[in-house]
>>> print(open('input21.cif').read())   # mmCIF, C-alpha atoms and all ligand atoms
data_input
loop_
_atom_site.label_atom_id
_atom_site.label_comp_id
_atom_site.auth_asym_id
_atom_site.auth_seq_id
_atom_site.Cartn_x
_atom_site.Cartn_y
_atom_site.Cartn_z
CA MET V 1 -27.78 22.09 28.97
CA SER V 2 -26.11 24.31 26.40
CA GLU V 3 -25.53 23.62 22.75
CA ALA V 4 -22.05 23.67 21.27
CA THR V 5 -22.23 26.11 18.38
CA ASN V 6 -18.74 27.33 17.56
CA THR V 7 -16.35 25.50 15.30
CA GLY V 8 -14.14 23.32 17.44
CA ASP V 9 -16.59 23.17 20.35
CA VAL V 10 -17.75 19.68 19.54
CA LEU V 11 -14.17 18.45 19.24
CA GLU V 12 -13.51 19.97 22.63
CA LEU V 13 -16.39 17.91 24.02
CA TYR V 14 -14.86 14.87 22.32
CA ARG V 15 -11.57 15.67 24.00
CA LYS V 16 -13.09 16.15 27.43
CA HIS V 17 -15.86 13.58 27.46
CA LEU V 18 -15.56 11.03 24.66
CA ASN V 19 -12.17 10.14 23.28
CA PRO V 20 -9.15 12.49 23.52
CA GLY V 21 -7.17 10.50 20.94
CA MET V 22 -10.00 10.67 18.44
CA ALA V 23 -10.38 14.43 19.04
CA LEU V 24 -6.73 14.92 18.18
CA LEU V 25 -6.96 12.75 15.09
CA LEU V 26 -10.01 14.62 13.79
CA ARG V 27 -8.31 17.94 14.42
CA LEU V 28 -5.17 16.84 12.58
CA MET V 29 -7.27 15.78 9.62
CA GLY V 30 -9.05 19.14 9.60
CA LEU V 31 -12.39 17.49 10.32
CA GLU V 32 -13.58 19.89 13.01
CA ASN V 33 -17.13 20.59 11.90
CA PRO V 34 -19.79 18.06 12.86
CA ALA V 35 -22.08 16.54 10.27
CA VAL V 36 -25.59 17.99 10.50
CA GLU V 37 -27.60 16.46 7.70
CA GLY V 38 -27.51 13.91 4.95
CA GLU V 39 -29.57 13.22 1.90
CA GLY V 40 -28.86 10.59 -0.73
CA MET V 41 -25.14 10.77 -1.56
CA VAL V 42 -24.60 14.09 0.21
CA VAL V 43 -23.61 14.94 3.79
CA ARG V 44 -23.42 18.53 5.05
CA ASP V 45 -21.43 19.86 7.99
CA THR V 46 -22.14 22.80 10.27
CA ALA V 47 -20.07 25.12 8.07
CA GLY V 48 -22.24 24.25 5.10
CA LYS V 49 -19.53 22.20 3.40
CA GLU V 50 -20.98 19.38 1.32
CA TYR V 51 -19.35 15.98 1.03
CA LEU V 52 -20.13 13.23 -1.43
CA ASP V 53 -20.18 10.10 0.69
CA PHE V 54 -17.81 7.44 -0.70
CA LEU V 55 -17.63 5.58 2.61
CA ALA V 56 -21.30 5.14 3.49
CA GLY V 57 -20.54 4.82 7.21
CA TYR V 58 -18.38 1.72 6.51
CA GLY V 59 -21.22 0.13 4.57
CA VAL V 60 -24.24 1.39 6.50
CA PHE V 61 -25.76 3.77 3.93
CA ASN V 62 -26.30 1.39 1.03
CA LEU V 63 -29.55 3.23 0.25
CA GLY V 64 -27.91 6.62 0.75
CA HIS V 65 -28.85 8.95 3.56
CA ARG V 66 -32.45 9.15 4.74
CA HIS V 67 -34.05 7.07 2.01
CA PRO V 68 -37.65 8.37 2.02
CA ARG V 69 -39.20 4.88 2.07
CA VAL V 70 -37.22 3.83 5.12
CA VAL V 71 -37.83 7.13 6.91
CA ALA V 72 -41.58 6.84 6.25
CA ALA V 73 -41.72 3.25 7.54
CA VAL V 74 -39.90 4.23 10.72
CA LYS V 75 -42.05 7.35 11.27
CA ASP V 76 -45.19 5.28 10.85
CA GLN V 77 -44.02 2.74 13.42
CA LEU V 78 -42.86 5.52 15.74
CA GLU V 79 -46.45 6.77 15.92
CA ARG V 80 -47.70 3.33 16.96
CA LEU V 81 -45.26 1.19 18.98
CA PRO V 82 -41.54 2.00 18.75
CA LEU V 83 -40.19 -0.65 21.09
CA SER V 84 -41.26 -4.12 22.06
CA THR V 85 -43.39 -4.91 25.10
CA LYS V 86 -41.23 -8.06 25.42
CA VAL V 87 -44.35 -9.97 26.53
CA LEU V 88 -46.67 -9.73 23.53
CA PRO V 89 -45.48 -10.94 20.12
CA ASP V 90 -44.35 -8.30 17.59
CA GLU V 91 -45.70 -8.36 14.05
CA SER V 92 -42.83 -6.43 12.46
CA THR V 93 -40.22 -8.77 13.98
CA ALA V 94 -42.03 -11.82 12.65
CA LEU V 95 -42.49 -10.28 9.19
CA LEU V 96 -38.81 -9.39 8.96
CA ALA V 97 -37.79 -12.92 9.98
CA ARG V 98 -40.02 -14.34 7.23
CA CYS V 99 -38.67 -11.89 4.69
CA LEU V 100 -35.04 -12.75 5.52
CA ALA V 101 -35.83 -16.48 5.34
CA GLU V 102 -37.24 -15.85 1.85
CA VAL V 103 -34.40 -13.75 0.46
CA THR V 104 -31.44 -15.63 1.97
CA PRO V 105 -30.18 -18.71 0.12
CA GLY V 106 -30.95 -22.38 0.84
CA ASP V 107 -32.67 -23.42 4.02
CA LEU V 108 -31.63 -20.42 6.11
CA GLN V 109 -34.83 -20.06 8.07
CA TYR V 110 -34.53 -18.76 11.65
CA CYS V 111 -33.58 -15.26 12.80
CA PHE V 112 -32.26 -13.64 15.90
CA PHE V 113 -32.14 -9.84 15.87
CA ALA V 114 -29.46 -7.82 17.59
CA ASN V 115 -28.41 -4.17 17.61
CA SER V 116 -24.89 -4.35 16.19
CA GLY V 117 -22.62 -6.54 14.13
CA ALA V 118 -20.52 -7.54 17.11
CA GLU V 119 -23.63 -8.71 18.94
CA ALA V 120 -24.60 -10.86 15.97
CA VAL V 121 -21.11 -12.40 16.06
CA GLU V 122 -21.42 -13.05 19.81
CA GLY V 123 -24.75 -14.80 19.36
CA ALA V 124 -23.53 -16.87 16.42
CA LEU V 125 -20.49 -18.15 18.33
CA LYS V 126 -22.71 -19.12 21.22
CA LEU V 127 -25.31 -20.84 19.05
CA ALA V 128 -22.65 -22.78 17.14
CA ARG V 129 -21.23 -24.02 20.43
CA LEU V 130 -24.68 -25.00 21.71
CA ALA V 131 -25.59 -26.80 18.48
CA THR V 132 -22.37 -28.79 18.23
CA GLY V 133 -21.53 -29.25 21.91
CA ARG V 134 -17.98 -28.20 20.92
CA GLN V 135 -15.86 -25.19 21.80
CA LYS V 136 -13.16 -24.60 19.23
CA VAL V 137 -13.56 -21.80 16.68
CA VAL V 138 -11.41 -21.30 13.60
CA ALA V 139 -11.10 -17.70 12.38
CA THR V 140 -8.78 -15.86 10.01
CA PHE V 141 -5.89 -13.41 10.36
CA GLY V 142 -6.88 -9.90 9.30
CA ALA V 143 -10.54 -10.62 9.98
CA PHE V 144 -12.76 -8.02 11.57
CA HIS V 145 -15.76 -9.24 13.52
CA GLY V 146 -16.19 -6.46 16.09
CA LYS V 147 -14.65 -5.44 19.38
CA THR V 148 -16.75 -6.92 22.18
CA LEU V 149 -14.76 -9.64 23.94
CA GLY V 150 -16.18 -12.64 22.07
CA ALA V 151 -16.08 -10.90 18.69
CA LEU V 152 -12.59 -9.61 19.43
CA SER V 153 -11.51 -13.19 20.14
CA VAL V 154 -12.19 -14.09 16.51
CA THR V 155 -11.04 -10.76 15.07
CA GLY V 156 -7.61 -11.21 13.56
CA ARG V 157 -5.54 -8.16 14.39
CA ASP V 158 -3.10 -8.05 17.30
CA ILE V 159 -3.21 -4.31 17.89
CA PHE V 160 -6.80 -4.65 19.11
CA ARG V 161 -6.45 -8.10 20.69
CA SER V 162 -3.16 -7.98 22.60
CA PRO V 163 -4.14 -5.30 25.17
CA CYS V 164 -7.22 -7.38 26.09
CA LEU V 165 -5.71 -10.84 26.53
CA PRO V 166 -6.76 -13.38 27.62
CA LEU V 167 -9.69 -13.58 25.25
CA LEU V 168 -11.92 -16.61 24.57
CA PRO V 169 -9.90 -19.82 24.68
CA TRP V 170 -10.07 -22.39 21.89
CA VAL V 171 -9.81 -19.86 19.05
CA VAL V 172 -7.35 -20.62 16.26
CA HIS V 173 -6.48 -18.13 13.50
CA VAL V 174 -5.43 -19.28 10.05
CA PRO V 175 -4.42 -17.31 6.93
CA PHE V 176 -7.42 -15.98 5.01
CA GLY V 177 -7.99 -17.61 1.65
CA GLU V 178 -5.85 -20.70 2.33
CA VAL V 179 -8.09 -23.72 2.51
CA GLU V 180 -5.22 -26.10 3.39
CA ALA V 181 -4.51 -24.11 6.56
CA ALA V 182 -8.18 -24.25 7.48
CA ALA V 183 -8.25 -27.98 6.82
CA GLU V 184 -5.37 -28.47 9.23
CA ALA V 185 -7.09 -26.45 11.95
CA VAL V 186 -10.66 -27.76 11.68
CA ASP V 187 -11.13 -31.02 13.57
CA GLU V 188 -13.73 -33.01 15.53
CA ASP V 189 -13.58 -30.43 18.36
CA THR V 190 -14.44 -27.52 16.08
CA ALA V 191 -17.77 -25.82 16.71
CA ALA V 192 -17.44 -23.25 13.94
CA VAL V 193 -15.42 -21.64 11.21
CA ILE V 194 -16.10 -17.90 11.03
CA VAL V 195 -15.08 -15.91 8.00
CA GLU V 196 -16.01 -12.87 5.92
CA PRO V 197 -16.71 -13.71 2.24
CA LEU V 198 -14.24 -10.97 1.44
CA GLN V 199 -12.32 -9.20 4.17
CA GLY V 200 -13.40 -5.59 4.56
CA GLU V 201 -11.31 -4.10 7.35
CA GLY V 202 -8.50 -6.51 6.48
CA GLY V 203 -7.94 -4.41 3.35
CA ILE V 204 -10.72 -5.38 0.87
CA LEU V 205 -9.19 -8.81 0.31
CA LEU V 206 -10.77 -11.34 -2.01
CA PRO V 207 -10.05 -15.02 -1.36
CA PRO V 208 -9.33 -17.34 -4.28
CA TRP V 209 -12.45 -18.39 -6.15
CA GLY V 210 -13.93 -21.54 -4.59
CA TYR V 211 -12.61 -20.81 -1.07
CA LEU V 212 -16.07 -20.50 0.50
CA ARG V 213 -17.25 -23.67 -1.20
CA GLU V 214 -14.23 -25.56 0.10
CA LEU V 215 -14.83 -24.24 3.60
CA ARG V 216 -18.43 -25.41 3.27
CA THR V 217 -17.26 -28.94 2.36
CA LEU V 218 -14.72 -28.91 5.18
CA CYS V 219 -17.32 -27.91 7.78
CA ASP V 220 -19.73 -30.57 6.50
CA ARG V 221 -17.03 -33.22 6.76
CA LYS V 222 -16.10 -32.28 10.33
CA GLY V 223 -19.59 -31.42 11.62
CA ALA V 224 -18.68 -27.79 12.29
CA ALA V 225 -20.94 -24.78 11.63
CA LEU V 226 -19.93 -22.35 8.89
CA ILE V 227 -20.52 -18.76 10.03
CA LEU V 228 -20.37 -16.19 7.24
CA ASP V 229 -20.00 -12.68 8.59
CA GLU V 230 -21.77 -10.53 5.99
CA VAL V 231 -22.17 -7.55 8.29
CA GLN V 232 -20.31 -5.48 5.70
CA THR V 233 -20.65 -7.51 2.49
CA GLY V 234 -24.40 -8.10 2.79
CA MET V 235 -27.38 -6.09 1.50
CA GLY V 236 -26.24 -5.75 -2.10
CA ARG V 237 -22.78 -4.32 -1.45
CA THR V 238 -20.82 -6.79 -3.60
CA GLY V 239 -23.25 -7.03 -6.52
CA TYR V 240 -25.29 -9.80 -4.88
CA LEU V 241 -27.80 -9.38 -2.08
CA PHE V 242 -25.40 -11.58 -0.05
CA ALA V 243 -21.81 -12.16 -1.13
CA CYS V 244 -22.05 -15.92 -0.48
CA GLU V 245 -24.44 -16.14 -3.44
CA ALA V 246 -21.54 -15.53 -5.83
CA GLU V 247 -20.21 -19.02 -5.02
CA GLY V 248 -23.61 -20.56 -4.33
CA VAL V 249 -22.66 -21.29 -0.72
CA VAL V 250 -25.22 -21.58 2.08
CA PRO V 251 -23.68 -20.98 5.51
CA ASP V 252 -25.14 -22.40 8.71
CA LEU V 253 -25.23 -18.94 10.22
CA LEU V 254 -25.35 -15.78 8.12
CA LEU V 255 -24.62 -12.53 9.94
CA LEU V 256 -26.03 -9.18 8.83
CA GLY V 257 -25.80 -5.67 10.24
CA LYS V 258 -24.82 -2.20 9.05
CA ALA V 259 -26.97 -1.61 5.93
CA LEU V 260 -29.79 -3.88 7.14
CA GLY V 261 -31.44 -0.90 8.83
CA GLY V 262 -31.35 1.18 5.64
CA GLY V 263 -29.05 3.79 7.14
CA VAL V 264 -31.87 4.88 9.44
CA MET V 265 -32.00 2.35 12.30
CA PRO V 266 -29.31 0.17 13.90
CA VAL V 267 -30.18 -3.50 13.49
CA ALA V 268 -28.27 -6.74 13.01
CA ALA V 269 -29.36 -10.31 12.40
CA ILE V 270 -28.29 -13.91 12.67
CA VAL V 271 -30.05 -15.99 10.02
CA ALA V 272 -29.59 -19.73 10.59
CA ARG V 273 -30.35 -23.19 9.30
CA PRO V 274 -32.68 -25.27 11.48
CA TRP V 275 -30.04 -27.60 12.97
CA VAL V 276 -28.26 -24.68 14.67
CA TRP V 277 -31.47 -23.47 16.29
CA ARG V 278 -32.22 -26.48 18.50
CA ALA V 279 -31.13 -24.67 21.65
CA PHE V 280 -34.17 -22.35 21.39
CA SER V 281 -36.55 -25.34 21.49
CA ASP V 282 -34.92 -26.50 24.71
CA ASN V 283 -34.94 -23.03 26.22
CA PRO V 284 -36.55 -20.01 24.49
CA PHE V 285 -34.54 -17.68 26.74
CA ILE V 286 -31.15 -19.20 25.94
CA HIS V 287 -30.21 -16.05 23.99
CA THR V 288 -32.06 -12.75 24.34
CA SER V 289 -31.69 -8.99 23.82
CA THR V 290 -33.86 -6.22 25.23
CA PHE V 291 -33.72 -4.01 22.16
CA GLY V 292 -32.89 -6.63 19.52
CA GLY V 293 -35.69 -6.99 16.96
CA ASN V 294 -37.52 -3.88 18.08
CA PRO V 295 -40.40 -2.75 15.84
CA LEU V 296 -38.71 0.47 14.67
CA ALA V 297 -35.60 -1.37 13.52
CA CYS V 298 -37.58 -4.18 11.91
CA ARG V 299 -39.77 -1.76 9.93
CA ALA V 300 -36.61 -0.04 8.70
CA ALA V 301 -35.13 -3.39 7.63
CA LEU V 302 -38.34 -4.47 5.88
CA ALA V 303 -38.44 -1.21 3.93
CA THR V 304 -34.75 -1.60 3.11
CA LEU V 305 -35.25 -5.07 1.64
CA GLU V 306 -38.16 -3.77 -0.46
CA VAL V 307 -36.12 -0.85 -1.80
CA LEU V 308 -33.13 -3.07 -2.60
CA ALA V 309 -35.36 -5.36 -4.63
CA GLU V 310 -37.48 -2.69 -6.34
CA GLU V 311 -34.54 -0.50 -7.31
CA ASN V 312 -32.49 -3.54 -8.33
CA LEU V 313 -29.59 -2.16 -6.30
CA SER V 314 -27.53 -5.36 -5.94
CA ALA V 315 -27.20 -5.85 -9.68
CA SER V 316 -26.51 -2.17 -10.30
CA ALA V 317 -23.82 -2.24 -7.57
CA GLY V 318 -22.16 -5.00 -9.60
CA GLU V 319 -22.27 -2.96 -12.81
CA LYS V 320 -21.19 0.35 -11.30
CA GLY V 321 -18.49 -1.43 -9.29
CA ALA V 322 -17.06 -3.00 -12.44
CA TYR V 323 -16.94 0.44 -14.12
CA PHE V 324 -15.36 2.01 -11.03
CA LEU V 325 -12.75 -0.73 -10.72
CA ALA V 326 -11.80 -0.46 -14.40
CA ARG V 327 -11.22 3.28 -14.00
CA LEU V 328 -9.14 2.70 -10.86
CA ALA V 329 -7.10 0.11 -12.75
CA GLU V 330 -6.22 2.83 -15.31
CA LEU V 331 -4.83 4.92 -12.47
CA ARG V 332 -2.87 1.96 -11.15
CA GLN V 333 -1.25 1.67 -14.57
CA GLN V 334 -0.53 5.36 -14.73
CA TYR V 335 0.95 5.62 -11.21
CA PRO V 336 2.49 2.24 -10.32
CA ASP V 337 4.93 3.91 -7.89
CA ILE V 338 2.04 5.25 -5.82
CA VAL V 339 -0.80 2.78 -6.33
CA ALA V 340 0.24 -0.80 -5.58
CA GLU V 341 -3.07 -2.48 -6.33
CA VAL V 342 -6.77 -1.86 -6.85
CA ARG V 343 -9.30 -4.57 -6.08
CA GLY V 344 -12.77 -5.37 -4.85
CA ARG V 345 -16.16 -6.67 -5.83
CA GLY V 346 -19.27 -4.64 -6.54
CA LEU V 347 -19.10 -1.35 -4.68
CA MET V 348 -16.69 -2.65 -2.05
CA LEU V 349 -13.42 -1.40 -3.49
CA GLY V 350 -9.93 -0.85 -2.17
CA VAL V 351 -6.92 1.11 -3.38
CA GLU V 352 -3.68 -0.10 -1.86
CA PHE V 353 -0.89 2.47 -1.82
CA THR V 354 2.80 1.61 -1.95
CA ASP V 355 3.30 3.43 1.37
CA GLU V 356 1.22 4.96 4.13
CA GLY V 357 2.48 8.48 3.39
CA SER V 358 1.01 8.45 -0.12
CA GLY V 359 -2.24 7.04 1.23
CA GLY V 360 -2.43 9.82 3.80
CA PHE V 361 -1.81 12.49 1.15
CA VAL V 362 -4.53 11.10 -1.11
CA LEU V 363 -7.04 10.70 1.70
CA ALA V 364 -6.47 14.25 2.96
CA GLY V 365 -6.78 15.58 -0.61
CA LEU V 366 -10.08 13.79 -1.16
CA LEU V 367 -11.52 14.98 2.15
CA GLN V 368 -10.46 18.51 1.34
CA ARG V 369 -12.19 18.31 -2.04
CA GLY V 370 -15.39 17.08 -0.40
CA PHE V 371 -15.23 13.29 -0.76
CA LEU V 372 -15.73 11.15 2.35
CA VAL V 373 -13.30 8.22 2.39
CA ALA V 374 -11.29 6.28 4.99
CA TYR V 375 -8.70 3.60 5.53
CA THR V 376 -9.58 0.00 6.22
CA LEU V 377 -9.19 -0.55 9.95
CA ASN V 378 -6.75 -3.47 9.81
CA ASN V 379 -4.67 -2.19 6.90
CA THR V 380 -3.86 1.51 6.82
CA ARG V 381 -2.25 1.36 3.38
CA VAL V 382 -5.66 0.61 1.87
CA MET V 383 -8.23 3.29 1.11
CA ARG V 384 -11.71 1.87 0.99
CA ILE V 385 -14.32 3.06 -1.49
CA GLU V 386 -17.78 1.99 -0.39
CA PRO V 387 -20.32 4.53 -1.66
CA PRO V 388 -24.09 4.16 -1.34
CA LEU V 389 -25.38 1.77 -4.00
CA ILE V 390 -27.58 4.59 -5.34
CA ILE V 391 -24.49 6.43 -6.62
CA ASP V 392 -24.65 7.49 -10.28
CA TYR V 393 -21.93 7.37 -12.93
CA ARG V 394 -21.48 11.14 -12.88
CA GLU V 395 -20.54 10.97 -9.19
CA ILE V 396 -18.11 8.13 -9.87
CA ASP V 397 -16.48 10.29 -12.56
CA LEU V 398 -16.26 13.28 -10.20
CA PHE V 399 -14.42 11.13 -7.68
CA PHE V 400 -12.17 9.71 -10.34
CA GLN V 401 -11.27 13.19 -11.58
CA ALA V 402 -10.40 14.34 -8.04
CA LEU V 403 -8.30 11.23 -7.44
CA THR V 404 -6.50 11.73 -10.76
CA ASP V 405 -5.67 15.36 -9.86
CA ILE V 406 -4.36 14.36 -6.42
CA LEU V 407 -2.19 11.56 -7.81
CA ALA V 408 -0.77 13.92 -10.44
CA GLU V 409 0.05 16.41 -7.70
CA LEU V 410 1.67 13.70 -5.60
CA ALA V 411 3.70 12.40 -8.54
CA ARG V 412 5.06 15.95 -9.13
C1 LIG S 1 -17.46 -7.90 8.91
C2 LIG S 1 -17.82 -7.18 10.15
N1 LIG S 1 -18.29 -7.86 11.20
C3 LIG S 1 -18.64 -7.25 12.34
C4 LIG S 1 -18.49 -5.90 12.50
C5 LIG S 1 -18.85 -5.24 13.80
O1 LIG S 1 -20.02 -4.52 13.64
P1 LIG S 1 -20.44 -3.41 14.73
O2 LIG S 1 -19.44 -2.31 14.66
O3 LIG S 1 -21.82 -3.01 14.31
O4 LIG S 1 -20.43 -4.08 16.06
C6 LIG S 1 -17.99 -5.15 11.43
C7 LIG S 1 -17.80 -3.69 11.58
O5 LIG S 1 -17.10 -3.04 10.84
C8 LIG S 1 -17.65 -5.79 10.23
O6 LIG S 1 -17.14 -5.11 9.19
#
>>> encode(input="input21.cif", output="structure tokens")
Amino acid sequence: MSEATNTGDVLELYRKHLNPGMALLLRLMGLENPAVEGEGMVVRDTAGKEYLDFLAGYGVFNLGHRHPRVVAAVKDQLERLPLSTKVLPDESTALLARCLAEVTPGDLQYCFFANSGAEAVEGALKLARLATGRQKVVATFGAFHGKTLGALSVTGRDIFRSPCLPLLPWVVHVPFGEVEAAAEAVDEDTAAVIVEPLQGEGGILLPPWGYLRELRTLCDRKGAALILDEVQTGMGRTGYLFACEAEGVVPDLLLLGKALGGGVMPVAAIVARPWVWRAFSDNPFIHTSTFGGNPLACRAALATLEVLAEENLSASAGEKGAYFLARLAELRQQYPDIVAEVRGRGLMLGVEFTDEGSGGFVLAGLLQRGFLVAYTLNNTRVMRIEPPLIIDYREIDLFFQALTDILAELAR
């Protein structure tokens, strides 16, 4: 086995062995050098170029890169028992389940651990069906819940869905944020309503205030489970530990992923109220995963929850996000022909450009100047800004200055 050392070698391996389209895209964007290390807000590539991370792996690195507490917890577990025996009980898995039951709102009590967000979605859809004995699922247009077949069935973007049809039957999509449309779709056959508290990949879209509460009432009235997909919004991102807390809503199934593993381990979770968990009493093997809930991942998640609490990161995400959004709003006023809208909550922010060309110019300019950013997956006119929650005001100002310079250049 040889190592790829020259610039462009890794992209060539991408082209030959991973994803030719992605190799081309990365080359066009000038992103040829692989990332080699990260620390806090900073990522370095093989050429020694440093980036300030304003994307955080789409919401994975809420604690920044390689938070020492998470790394230490994982190293410690690595020396003892990295993966589960699957026969004997695991202490770290049980402790994490208790911790999540304590920090999540209401009577959310039971956990199932998976390895990715999509897997958590899959499990939640299945458990909602088992608990209700119904099949229908109501989801929203523009939603992103992952790309495995079940998760894709509730994802709301045709470009990903159409090539894979037929997907799960009995899935109905309604406009996000419109409770009347949901009320028309949810009936006595509905097992679940699945929704993100604010749509991430859909373009950082906030529903009208009270939407989640009305969905909660609707589900209660019809006997359907409310699944809140907080894979991206959870773990302090929006200024609350979980975004549903802003409206005081307790879902029947809360889905977590991405930042749960502290940017060190992949781990996702379904946290549920007792009534949805009956299937496990009937059959403990009704839903399983070989690697889900492994000790390494659970130790990382436990350390992550401790750090979030001790460093008060949810609240500070709210404060820094408000400052960031106010500064972006100034730019919107200054360049209304380029910036159509700025929006978001906490440190989950979006800048919508008037056209894709302007967005591309700004994105390329930021990358060139050493700021990691990206589009939202379901809306390529929206640039997402999702930095680690440990970001400081100086770094926000650096970004703002770079963005100001690029917009001035574009306006000229
Ligand atoms: C809200 C939401 N749900 C689910 C997923 C899928 O997660 P994963 O890519 O870990 O499968 C994502 C990923 O972006 C997401 O943003």
>>> residues_around(input="input21.cif", residues="Gly156 (chain V)", least_positions_apart="4", cutoff="10 Å", atoms="only C-alpha atoms", output="list in words")
Ala139, Thr140, Phe141, Gly142, Ala143, Phe144, His145, Ala151, Leu152, Phe160, Arg161, Val172, His173, Val174, Pro175, Phe176, Gly202 and Asn378 of chain V
>>> atom_distance(input="input21.cif", atom1="CA of Lys75 (chain V)", atom2="CA of Leu308 (chain V)")
19.5 Å
>>> axis_aligned_box(input="input21.cif", around="region 169-173 of chain V", padding_each_side="6 Å", output="AutoDock Vina command-line options")
--center_x -8.3 --center_y -20.3 --center_z 19.1 --size_x 15.6 --size_y 16.3 --size_z 23.2
>>> closest_atom_pairs(input="input21.cif", of="chain V", to="ligand LIG 1 (chain S)", cutoff="10 Å", atoms="only C-alpha atoms and all ligand atoms", output="tab-separated table")
residue	atom	partner	partner_atom	distance
V:Gly57	CA	S:LIG1	O5	9.3
V:Tyr58	CA	S:LIG1	O5	6.6
V:Gly59	CA	S:LIG1	O6	8.1
V:Val60	CA	S:LIG1	O3	9.3
V:Ala114	CA	S:LIG1	O3	9.6
V:Asn115	CA	S:LIG1	O3	7.5
V:Ser116	CA	S:LIG1	O3	3.8
V:Gly117	CA	S:LIG1	O1	3.3
V:Ala118	CA	S:LIG1	O4	3.6
V:Glu119	CA	S:LIG1	O4	6.3
V:Ala120	CA	S:LIG1	C3	7.9
V:Val121	CA	S:LIG1	C3	6.8
V:Glu122	CA	S:LIG1	O4	9.8
V:Ala143	CA	S:LIG1	C1	7.5
V:Phe144	CA	S:LIG1	C2	5.3
V:His145	CA	S:LIG1	C3	3.7
V:Gly146	CA	S:LIG1	C5	3.7
V:Lys147	CA	S:LIG1	O4	6.8
V:Thr148	CA	S:LIG1	O4	7.7
V:Ala151	CA	S:LIG1	C3	7.8
V:Leu152	CA	S:LIG1	C5	9.5
V:Thr155	CA	S:LIG1	N1	8.7
V:Val195	CA	S:LIG1	C1	8.4
V:Glu196	CA	S:LIG1	C1	6.0
V:Pro197	CA	S:LIG1	C1	8.9
V:Leu198	CA	S:LIG1	C1	8.7
V:Gln199	CA	S:LIG1	C1	7.1
V:Gly200	CA	S:LIG1	O6	6.0
V:Glu201	CA	S:LIG1	O6	6.2
V:Gly202	CA	S:LIG1	O6	9.2
V:Leu228	CA	S:LIG1	C1	8.9
V:Asp229	CA	S:LIG1	C1	5.4
V:Glu230	CA	S:LIG1	C1	5.8
V:Val231	CA	S:LIG1	C2	4.7
V:Gln232	CA	S:LIG1	O6	4.7
V:Thr233	CA	S:LIG1	C1	7.2
V:Gly234	CA	S:LIG1	C1	9.3
V:Leu255	CA	S:LIG1	N1	8.0
V:Leu256	CA	S:LIG1	N1	8.2
V:Gly257	CA	S:LIG1	O3	6.3
V:Lys258	CA	S:LIG1	O3	6.1
V:Ala259	CA	S:LIG1	O3	9.9
V:Pro266	CA	S:LIG1	O3	8.1
V:Val267	CA	S:LIG1	O3	8.4
V:Ala268	CA	S:LIG1	O3	7.6
V:Thr376	CA	S:LIG1	O5	9.3
V:Leu377	CA	S:LIG1	O5	8.3
>>> closest_residue(input="input21.cif", among="V:Ile204, V:Ala101, V:Val382, V:Ala131", to="Asp282 (chain V)", atoms="only C-alpha atoms")
V:Ala131
>>> closest_atom_pairs(input="input21.cif", of="region 314-363 of chain V", to="region 246-254 of chain V", cutoff="12 Å", atoms="all atoms listed in the file", output="Markdown table")
| residue | atom | partner | partner_atom | distance |
| --- | --- | --- | --- | --- |
| V:Ser314 | CA | V:Ala246 | CA | 11.8 |
| V:Ala315 | CA | V:Ala246 | CA | 11.9 |
| V:Gly318 | CA | V:Ala246 | CA | 11.2 |
| V:Arg345 | CA | V:Ala246 | CA | 10.4 |
| V:Gly346 | CA | V:Ala246 | CA | 11.1 |
>>> residues_around(input="input21.cif", residues="Ala374 (chain V)", least_positions_apart="2", cutoff="7 Å", atoms="only C-alpha atoms", output="short mmCIF file (atom, residue, chain, number, x, y, z; two decimals) with C-alpha atoms, in the frame of the given file")
data_model
loop_
_atom_site.label_atom_id
_atom_site.label_comp_id
_atom_site.auth_asym_id
_atom_site.auth_seq_id
_atom_site.Cartn_x
_atom_site.Cartn_y
_atom_site.Cartn_z
CA LEU V 55 -17.63 5.58 2.61
CA LEU V 363 -7.04 10.70 1.70
CA THR V 376 -9.58 0.00 6.22
CA MET V 383 -8.23 3.29 1.11
CA ARG V 384 -11.71 1.87 0.99
#
>>> closest_residue(input="input21.cif", among="V:Ser162, V:Thr304, V:Ser316, V:Ser281", to="Gly64 (chain V)", atoms="all atoms listed in the file")
V:Thr304
>>> closest_residue(input="input21.cif", among="V:Leu331, V:Phe285, V:Val74, V:Glu341", to="Asp405 (chain V)", atoms="only C-alpha atoms")
V:Leu331
>>> closest_residue(input="input21.cif", among="V:Met22, V:Leu52, V:Leu389, V:Val342", to="Glu39 (chain V)", atoms="all atoms listed in the file")
V:Leu52
>>> atom_distance(input="input21.cif", atom1="CA of Val70 (chain V)", atom2="CA of Phe324 (chain V)")
27.2 Å
>>> residues_around(input="input21.cif", residues="Asp53 (chain V)", least_positions_apart="2", cutoff="9 Å", atoms="all atoms listed in the file", output="number ranges by chain")
V: 40-43, 51, 55-57, 64, 370-373, 386-388
>>> atom_distance(input="input21.cif", atom1="CA of Ala224 (chain V)", atom2="CA of Asp158 (chain V)")
25.6 Å
>>> residues_around(input="input21.cif", residues="Lys136 (chain V)", least_positions_apart="2", cutoff="7 Å", atoms="all atoms listed in the file", output="NGL selection string")
:V and (134 or 138 or 170-171 or 189-192)
>>> closest_residue(input="input21.cif", among="V:Phe54, V:Phe61, V:Phe353, V:Trp277", to="Gly263 (chain V)", atoms="all atoms listed in the file")
V:Phe61
